[in-house]
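Note sheet for the following structure.
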Amino acid sequence: MATGISNFLSPQELHRLGRMTIQSRYVVEGTLSGRHRSHLKGASSEFADHRAYVPGDDPKHLDWKVLGRTDRYYIRRYEDETNLRVYLVVDRSASMGFTSGPVMKYRYACQLAAAIGYVVVKVRDSVGLYLYSNRIDRQAGARNSFAHLNNLLKSLTQNQPASTTQTAKTLHQIAEAVRRRALIVLFSDLLDDPPEIIRALAHFRKQHHDVIVFHILDPAELDFTFKQAAQFVDLETGEAIVADPRGMADAYRRVFGEFLEQYRKPCAEMNIDYRLVRTDQDAAMFVRSFLEERKRLSK
Amino acid sequence: MWSFLNPLFLSALTAALIPLILHLWQRQRIVIVPFSTVRFLKLAQKRSSNRMRLENILLWLLRTLILLLLALAFAMPILRITSLRQLVGASRRDVAIVWDVSYSMDYVSGQKNVWAASRDTVVALIEGLRHGDRVCLFLADDDVTPLIEQPTTDLEMVLSQVRALEAGTTASQLRPAVLAALSALKESGKREKELFIITDGQKLPWTSFNPLTRSTAVTDKTNKTDQTDTTNTATVEASSPPWDAKLVSTDISVFAVLLGVSSPDNAAPLDLDIQPTLLMRDTPGQISVNLGHTGPEQTLTVSLTVDEQAASQRSVTLEKDGGAPCVFALPPLTTGKHPARIETSPDGITLDNVFYFLLRVHEKLPVLCVGTEPDAFFLLHALNPGGAATAMIVQRVDPQAFTADRLSDYACVFLCNALPLAGQAMIALEQYAQHGGVVVIFPGDRAAPADYANWTCLPAMPKAVTDFGADAQRRALRLVKRGDALFQGMHVPPGTYPSVAATRELQWTKLGADSDVVIAADNDAPFLLRRKVGKGCVLFFSVSADRRWSNLPLSPFFLPLVHQIVRYSAGQEQSEPFIWTGRNLALADIMGALPPDTELLDPTSRPVLLHPLKAGQDKSLGIEAVTRPGIYTLQSAAGGQPQPALAVNVMRSESDLKRLGPADVPMLTGLSAIRVAESKDDLMQLVKELRIGRPLAETLLWLVLLLSIAELFLANRAGRKTRTLTEQLKIDMTGRVKGTAAG
């Protein structure tokens, strides 16, 4: 059985994704120089500002033109350019194990994570992973190698959906763990308390992280297209309820619509890139469309 | 009360439990579906539970009801309305049948014979009765003829009478017969009561329930028909009490059957007018016939036959449900009575296709002139201007020699300055006028105004004689009513006014009863007055017949005027050219006194039975019923050829076959519960429903169909196509949400 990235993406899909890049909409902090702006002043050609010369500064940074005009010593400072660190945060709670079609939500989340990770590593940015349920089940720091990416994806494959979920608590923990500015990409069905999750996302934003939320839902969860009366059993809690879907579909859609609205609006207000993803879409194509749009908007 | 033809199927009522059992069974074998979270389901269920529960209960009720009704329908339920009455002992019934026997019932269209159909219906009704049931039968003609007046159990006897009965020759009205039938049912006690009205669906007989609609219907006819018809009808209507729907008690079941064809077609001569009214020997005339028609536009042939010889023929186009006039030239005829008839092409009703009448042709007109020779000089010359033998035989007699003998031989009596007369003579003249004679009075110097006081038949009493002396007053004369019968045939050019110069004239008191001014002098001064007296009249001039009072005798107006008076007098005496069929007709009214040793024969040459009309002094004879149309003749005991005496026609109002709809019957009768059928089978079905019960299986099956449609709608309403959340949110391929969730 194939493991790693080939488990999730075909060579054709990888080829198509190879030309894509993912951009952070904010300045980031990295350990390597790269194509992303850093909040640190460094050696790039992008002028940042002046500061007064103090003994010990390299004279080569003196702004001779300013000195000639004003007889004062100023040091030219340049913006640093660094690499992007992307953390893939994947929900593996039991609810992610639901499917009404061929693709389980968790599997779909893994496909998205693989595609994003590939794009990141391809442009020599770093990728890390947080896999959580009601706690952080697996974490890996950000590195920019395909071997690292394959390891991450293997661990995704090895961990299947189980357990209950505590998304908000876990996200808070992740926000505390990631100290440097990074791009946080969340893959989850967000079936938890929306206000708490919003607070956790706000925590990321407070830490100056750029956040992308992929809200992954099965079509049956969205539209409730069941035909026969049945006993519905909660995958996380095991709670059961007998319902006639035809009679209550409208009410369900209203309730679920209200649930989605609790994420959409606050995310927009916090400048979090919120995307609603149906598992019946092609994952690679979705990622391509998403990245192209993101690139277009960042120009 | 209910009963079931297939009670075995009632056990299928347990099938009503099937929906409940299915529901419980479904609950037990419900499938388990793992779902990401049920919290939204719980919330949704909370919101929609009341509505869902209501829908579910409604569905369960509908399905249960459908199965119940199906089981009931197969059990063939019968609703027995009368069972309750049977329980209290009213198991026998009294049936009253009102049968329209007017001649319109004899309508034949192709294979359909309305009379035969009606007879079959009556027979079926009677044969449907059980032992002990009673029946009475009333024939609705122009009044009511009780065939079986009291309810009888001898059904065979009634059937034999029904089978022997033929359609009548009169018009019909249903009200008197229905009232008589209701009266007969009053004595039925606790028995079940049923009233059947068998008719052809013609509108006319039903209008008798509502006098307003009847008068509207009758005004469709010609004036003359109106008068005769309304007179006849008025007599019957006066003799029977007015209609009130409350007369029909709630325990009487009323049925009506309208058996006629839906689009009847009939044409008939309705009325005729003979000009001149006074036919003289070898003088041509003219006959105008009014044709009536019911049905689509058609062209028919109308022929005139006189003395059994075809005289003339016309082709007339009649519009849809409209009439048309038709004029025939009358050839010169010999003196005497000539039987004649107008005939139209054969159609649905043959009885009204022939219109019989008599043409009375006069040889001479005898006129009596009472007055001295000078007083009557101008009048005598005016009546016989050539001095040779003319159509008039004028006889003069002096006032002193005047006797009342053989006054009836004269068409007219002129009194020229003849008053005062003896009392016997005055009484004789008054009686002469009563019996149709015309008395014409010219005043004169012999009589003072007071001399007229004893005369009770004058149009107005003279109060004075005005003498103008040498100053003669020129008076312009004006015909007050140009269309008056007195001036019929007289030609006065419009705008021309005859005038006289009067030196003396009578002054009048107020006009008496039945009096009018025929010719006025100047504007309003009476010049010639008239009073109807019995069948005749009295005419009174305000000037004398000689030159002493005026120059009237010398005016060109005098001669035509006196000739017109004589013709009018002859017409007054003349009897009608025809009469309508009717009952209890006085012989004196229709043909005068019957000569001794003479017998009146009907058109089939059978003697007509005569009977005294009133007991006591008035021994005048009458005919009980003149119902057969045709020419009635007088046969002398001495033998010889029968002489035509009467022409009788059926009442033409019945020829108008305008049809009534079933919905109109309750409206006209005011009986909302009346059951109306349009054929024998329909009627028998209604009777069956009343007597046996109404089968409800078909109704129940229709109900099941409707409930099934409702169930289908309700069951699929929950699963109807609504916009999904994906459609509402408008998620694009990059996962961006562009819409919002509704609600």
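By order in the structure tokens, chains are A, B, ...; within a chain, residues start at 1; ligands start at 1, following the order shown.
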Which residues of chain A are close to chain B, meaning at most 8 Å apart when you count only C-alpha atoms, and how do they look as a count of residues only? 44
Contacts of Lys60 of chain A at 12 Å (only C-alpha atoms; same-chain gap of 2+ positions) as a PyMOL selection string: chain A and resi 53+56-58+62-64+73-77
Give me the residues near Thr170 of chain A as a PDB file with C-alpha atoms, in the first residue's frame, where near means some atom within 12 Å (using only C-alpha atoms) and where sequence neighbours in that chain fewer than 3 positions away do not count.
ATOM      1  CA  VAL A  89      -3.935  21.345  11.699  1.00  0.00           C
ATOM      2  CA  VAL A  90      -6.062  18.265  10.990  1.00  0.00           C
ATOM      3  CA  ASP A  91      -9.125  17.153  12.960  1.00  0.00           C
ATOM      4  CA  ARG A  92      -9.318  13.353  13.440  1.00  0.00           C
ATOM      5  CA  SER A  93     -12.373  13.241  15.691  1.00  0.00           C
ATOM      6  CA  TYR A 130      -0.873  19.111  14.251  1.00  0.00           C
ATOM      7  CA  LEU A 131      -3.249  16.153  14.353  1.00  0.00           C
ATOM      8  CA  TYR A 132      -5.872  16.412  17.070  1.00  0.00           C
ATOM      9  CA  SER A 133      -9.096  14.994  18.386  1.00  0.00           C
ATOM     10  CA  ASN A 134      -9.925  15.851  21.995  1.00  0.00           C
ATOM     11  CA  ARG A 135      -6.179  16.464  22.431  1.00  0.00           C
ATOM     12  CA  ILE A 136      -3.162  16.905  20.199  1.00  0.00           C
ATOM     13  CA  ASP A 137      -2.492  13.401  18.976  1.00  0.00           C
ATOM     14  CA  ARG A 138       0.537  14.130  16.853  1.00  0.00           C
ATOM     15  CA  GLN A 139       2.644  17.194  16.220  1.00  0.00           C
ATOM     16  CA  THR A 165     -13.508  16.353  19.698  1.00  0.00           C
ATOM     17  CA  GLN A 166     -12.329  19.365  21.635  1.00  0.00           C
ATOM     18  CA  THR A 167     -11.331  21.618  18.808  1.00  0.00           C
ATOM     19  CA  GLN A 173      -2.821  24.777  22.740  1.00  0.00           C
ATOM     20  CA  ILE A 174      -1.538  24.964  19.171  1.00  0.00           C
ATOM     21  CA  ALA A 175      -1.707  28.772  19.203  1.00  0.00           C
ATOM     22  CA  GLU A 176       0.437  28.755  22.309  1.00  0.00           C
ATOM     23  CA  ALA A 177       2.862  26.263  20.791  1.00  0.00           C
ATOM     24  CA  LEU A 186      -7.173  24.091   9.758  1.00  0.00           C
ATOM     25  CA  ASP A 192     -18.029  21.813  18.263  1.00  0.00           C
ATOM     26  CA  GLU A 196     -15.349  28.645  21.543  1.00  0.00           C
ATOM     27  CA  ILE A 197     -13.766  27.757  18.226  1.00  0.00           C
ATOM     28  CA  ARG A 199     -12.228  32.412  20.247  1.00  0.00           C
ATOM     29  CA  ALA A 200      -9.498  29.889  19.528  1.00  0.00           C
ATOM     30  CA  LEU A 201      -9.142  31.188  15.969  1.00  0.00           C
ATOM     31  CA  HIS A 203      -6.066  33.438  19.496  1.00  0.00           C
ATOM     32  CA  PHE A 204      -4.168  32.583  16.315  1.00  0.00           C
TER      33      PHE A 204
END
What parts of segment 420-665 of chain B does DSSP call strand (DSSP E or B)? I'd like the answer as an MDAnalysis selection string. chainID B and resid 438:442 460:467 473:479 499:502 504:511 515:521 525:533 536:541 550 579:580 582:586 598:601 607 610:612 621:626 630:636 643:649 659
List the spatial neighbours of segment 376-386 of chain B as a ChimeraX atom specification - criterion: any atom at most 12 Å away, only C-alpha atoms, same-chain residues fewer than 5 positions off excluded. /B:365-371,391-399,412-418,440-444,544-548,551-567
Can you write just those residues out, N, CA and C atoms, as a compact mmCIF listing (two decimals), in the first residue's frame?
# COMPACT_ATOMS: atom_id res chain seq x y z
N LEU B 365 -128.85 43.90 -46.46
CA LEU B 365 -128.86 44.36 -45.08
C LEU B 365 -130.17 45.11 -44.83
N PRO B 366 -131.12 44.59 -44.06
CA PRO B 366 -132.37 45.30 -43.79
C PRO B 366 -132.17 46.40 -42.75
N VAL B 367 -132.64 47.58 -43.06
CA VAL B 367 -132.50 48.74 -42.17
C VAL B 367 -133.89 49.34 -41.96
N LEU B 368 -134.20 49.70 -40.69
CA LEU B 368 -135.49 50.33 -40.38
C LEU B 368 -135.26 51.79 -40.05
N CYS B 369 -136.08 52.63 -40.68
CA CYS B 369 -135.97 54.06 -40.43
C CYS B 369 -137.31 54.54 -39.86
N VAL B 370 -137.30 55.03 -38.59
CA VAL B 370 -138.53 55.48 -37.94
C VAL B 370 -138.55 57.00 -38.00
N GLY B 371 -139.50 57.53 -38.69
CA GLY B 371 -139.61 58.98 -38.82
C GLY B 371 -140.54 59.34 -39.96
N ALA B 391 -127.50 46.63 -51.76
CA ALA B 391 -127.27 45.65 -50.70
C ALA B 391 -128.13 45.91 -49.50
N MET B 392 -128.66 47.11 -49.38
CA MET B 392 -129.50 47.45 -48.23
C MET B 392 -130.97 47.47 -48.61
N ILE B 393 -131.78 46.97 -47.70
CA ILE B 393 -133.23 47.08 -47.87
C ILE B 393 -133.70 48.05 -46.79
N VAL B 394 -134.04 49.25 -47.18
CA VAL B 394 -134.42 50.29 -46.23
C VAL B 394 -135.95 50.37 -46.15
N GLN B 395 -136.42 50.33 -44.92
CA GLN B 395 -137.87 50.41 -44.71
C GLN B 395 -138.15 51.58 -43.78
N ARG B 396 -139.09 52.44 -44.11
CA ARG B 396 -139.45 53.58 -43.27
C ARG B 396 -140.82 53.35 -42.65
N VAL B 397 -140.92 53.84 -41.42
CA VAL B 397 -142.22 53.74 -40.75
C VAL B 397 -142.40 55.02 -39.93
N ASP B 398 -143.64 55.52 -39.91
CA ASP B 398 -143.93 56.73 -39.11
C ASP B 398 -143.82 56.42 -37.63
N PRO B 399 -143.47 57.39 -36.84
CA PRO B 399 -143.33 57.12 -35.40
C PRO B 399 -144.62 56.62 -34.78
N CYS B 412 -130.14 47.43 -38.30
CA CYS B 412 -129.98 48.73 -37.68
C CYS B 412 -131.33 49.46 -37.68
N VAL B 413 -131.58 50.28 -36.61
CA VAL B 413 -132.82 51.07 -36.54
C VAL B 413 -132.44 52.54 -36.38
N PHE B 414 -132.87 53.36 -37.35
CA PHE B 414 -132.64 54.81 -37.26
C PHE B 414 -133.90 55.47 -36.73
N LEU B 415 -133.76 56.35 -35.74
CA LEU B 415 -134.88 57.15 -35.23
C LEU B 415 -134.64 58.59 -35.66
N CYS B 416 -135.48 59.07 -36.63
CA CYS B 416 -135.31 60.43 -37.14
C CYS B 416 -136.44 61.29 -36.60
N ASN B 417 -136.12 62.09 -35.60
CA ASN B 417 -137.12 62.95 -34.97
C ASN B 417 -138.34 62.11 -34.59
N ALA B 418 -138.05 60.88 -34.06
CA ALA B 418 -139.13 59.93 -33.80
C ALA B 418 -139.65 60.03 -32.37
N VAL B 440 -129.83 54.12 -33.82
CA VAL B 440 -129.21 55.42 -34.12
C VAL B 440 -130.29 56.49 -33.96
N ILE B 441 -129.98 57.47 -33.11
CA ILE B 441 -130.99 58.50 -32.80
C ILE B 441 -130.55 59.83 -33.38
N PHE B 442 -131.44 60.37 -34.25
CA PHE B 442 -131.29 61.76 -34.69
C PHE B 442 -132.34 62.57 -33.94
N PRO B 443 -131.98 63.62 -33.21
CA PRO B 443 -132.99 64.41 -32.51
C PRO B 443 -133.82 65.22 -33.50
N GLY B 444 -134.80 65.88 -32.98
CA GLY B 444 -135.65 66.72 -33.82
C GLY B 444 -136.52 67.62 -32.97
N SER B 544 -130.13 66.97 -36.05
CA SER B 544 -131.18 66.16 -36.67
C SER B 544 -130.72 65.63 -38.02
N ALA B 545 -131.55 64.72 -38.59
CA ALA B 545 -131.20 64.11 -39.88
C ALA B 545 -131.70 64.95 -41.05
N ASP B 546 -132.36 66.08 -40.76
CA ASP B 546 -132.82 66.95 -41.87
C ASP B 546 -132.04 68.26 -41.82
N ARG B 547 -132.42 69.21 -42.64
CA ARG B 547 -131.66 70.44 -42.76
C ARG B 547 -132.05 71.50 -41.73
N ARG B 548 -133.03 71.19 -40.88
CA ARG B 548 -133.50 72.22 -39.96
C ARG B 548 -132.47 72.51 -38.87
N ASN B 551 -126.52 71.46 -41.72
CA ASN B 551 -126.41 71.02 -43.12
C ASN B 551 -125.72 69.67 -43.21
N LEU B 552 -125.72 68.92 -42.11
CA LEU B 552 -125.08 67.59 -42.11
C LEU B 552 -125.58 66.70 -43.24
N PRO B 553 -126.92 66.62 -43.49
CA PRO B 553 -127.38 65.72 -44.56
C PRO B 553 -126.84 66.09 -45.92
N LEU B 554 -126.45 67.37 -46.07
CA LEU B 554 -125.95 67.79 -47.38
C LEU B 554 -124.44 67.66 -47.49
N SER B 555 -123.77 67.40 -46.36
CA SER B 555 -122.30 67.32 -46.40
C SER B 555 -121.87 65.99 -47.01
N PRO B 556 -120.72 66.00 -47.70
CA PRO B 556 -120.24 64.75 -48.30
C PRO B 556 -119.89 63.68 -47.25
N PHE B 557 -119.85 64.07 -46.00
CA PHE B 557 -119.50 63.16 -44.92
C PHE B 557 -120.69 62.29 -44.51
N PHE B 558 -121.93 62.76 -44.82
CA PHE B 558 -123.14 62.13 -44.31
C PHE B 558 -123.34 60.73 -44.89
N LEU B 559 -123.22 60.64 -46.20
CA LEU B 559 -123.50 59.35 -46.85
C LEU B 559 -122.56 58.24 -46.39
N PRO B 560 -121.21 58.46 -46.48
CA PRO B 560 -120.33 57.37 -45.99
C PRO B 560 -120.54 57.07 -44.53
N LEU B 561 -120.90 58.09 -43.74
CA LEU B 561 -121.05 57.87 -42.31
C LEU B 561 -122.23 56.93 -42.02
N VAL B 562 -123.39 57.19 -42.66
CA VAL B 562 -124.55 56.34 -42.38
C VAL B 562 -124.33 54.93 -42.95
N HIS B 563 -123.63 54.87 -44.09
CA HIS B 563 -123.31 53.54 -44.62
C HIS B 563 -122.40 52.78 -43.66
N GLN B 564 -121.45 53.54 -43.08
CA GLN B 564 -120.51 52.91 -42.14
C GLN B 564 -121.26 52.41 -40.92
N ILE B 565 -122.26 53.19 -40.50
CA ILE B 565 -123.04 52.79 -39.33
C ILE B 565 -123.80 51.50 -39.62
N VAL B 566 -124.34 51.40 -40.83
CA VAL B 566 -125.09 50.19 -41.18
C VAL B 566 -124.15 48.98 -41.21
N ARG B 567 -122.96 49.17 -41.81
CA ARG B 567 -122.00 48.05 -41.86
C ARG B 567 -121.60 47.65 -40.45
One decimal, Å: what's the distance from atom CA of Glu576 of chain B over to atom CA of Thr145 of chain B, could you say?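 So the two atoms, atom CA of Glu576 of chain B and atom CA of Thr145 of chain B, lie 28.2 Å apart.
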Applying 7 Å and only C-alpha atoms, which residues near Val101 of chain B remain after dropping the ones on its own chain fewer than 3 positions away? List them as a compact mmCIF listing (two decimals) with N, CA and C atoms, in the first residue's frame.
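Final file, part14.txt:
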# COMPACT_ATOMS: atom_id res chain seq x y z
N MET B 105 -99.01 17.20 -25.47
CA MET B 105 -98.50 15.90 -25.05
C MET B 105 -98.52 14.91 -26.22
N LEU B 139 -106.38 14.57 -14.28
CA LEU B 139 -105.92 15.00 -15.59
C LEU B 139 -105.83 16.51 -15.61
N ALA B 140 -104.68 17.02 -16.01
CA ALA B 140 -104.47 18.47 -16.07
C ALA B 140 -104.71 18.92 -17.49
N ASP B 141 -105.90 19.53 -17.71
CA ASP B 141 -106.15 20.16 -19.02
C ASP B 141 -106.26 21.64 -18.76
N ALA B 167 -104.70 11.72 -25.52
CA ALA B 167 -104.35 13.12 -25.23
C ALA B 167 -105.55 14.01 -25.54
N GLY B 168 -105.69 15.10 -24.81
CA GLY B 168 -106.83 15.99 -24.96
C GLY B 168 -106.63 16.99 -26.08
So that I can see what lies close to Thr21 of chain A, please list as an MDAnalysis selection string the residues with an atom at most 7 Å from it, counting only C-alpha atoms and leaving out residues fewer than 6 positions away in the same chain. chainID A and resid 119:120 123 291
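Atom CA of Tyr118 of chain A is found 14.6 Å from atom CA of Leu183 of chain A.
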Provide the atom CA of Leu609 of chain B to atom CA of Pro644 of chain B distance in Å, to one decimal place. 17.1 Å
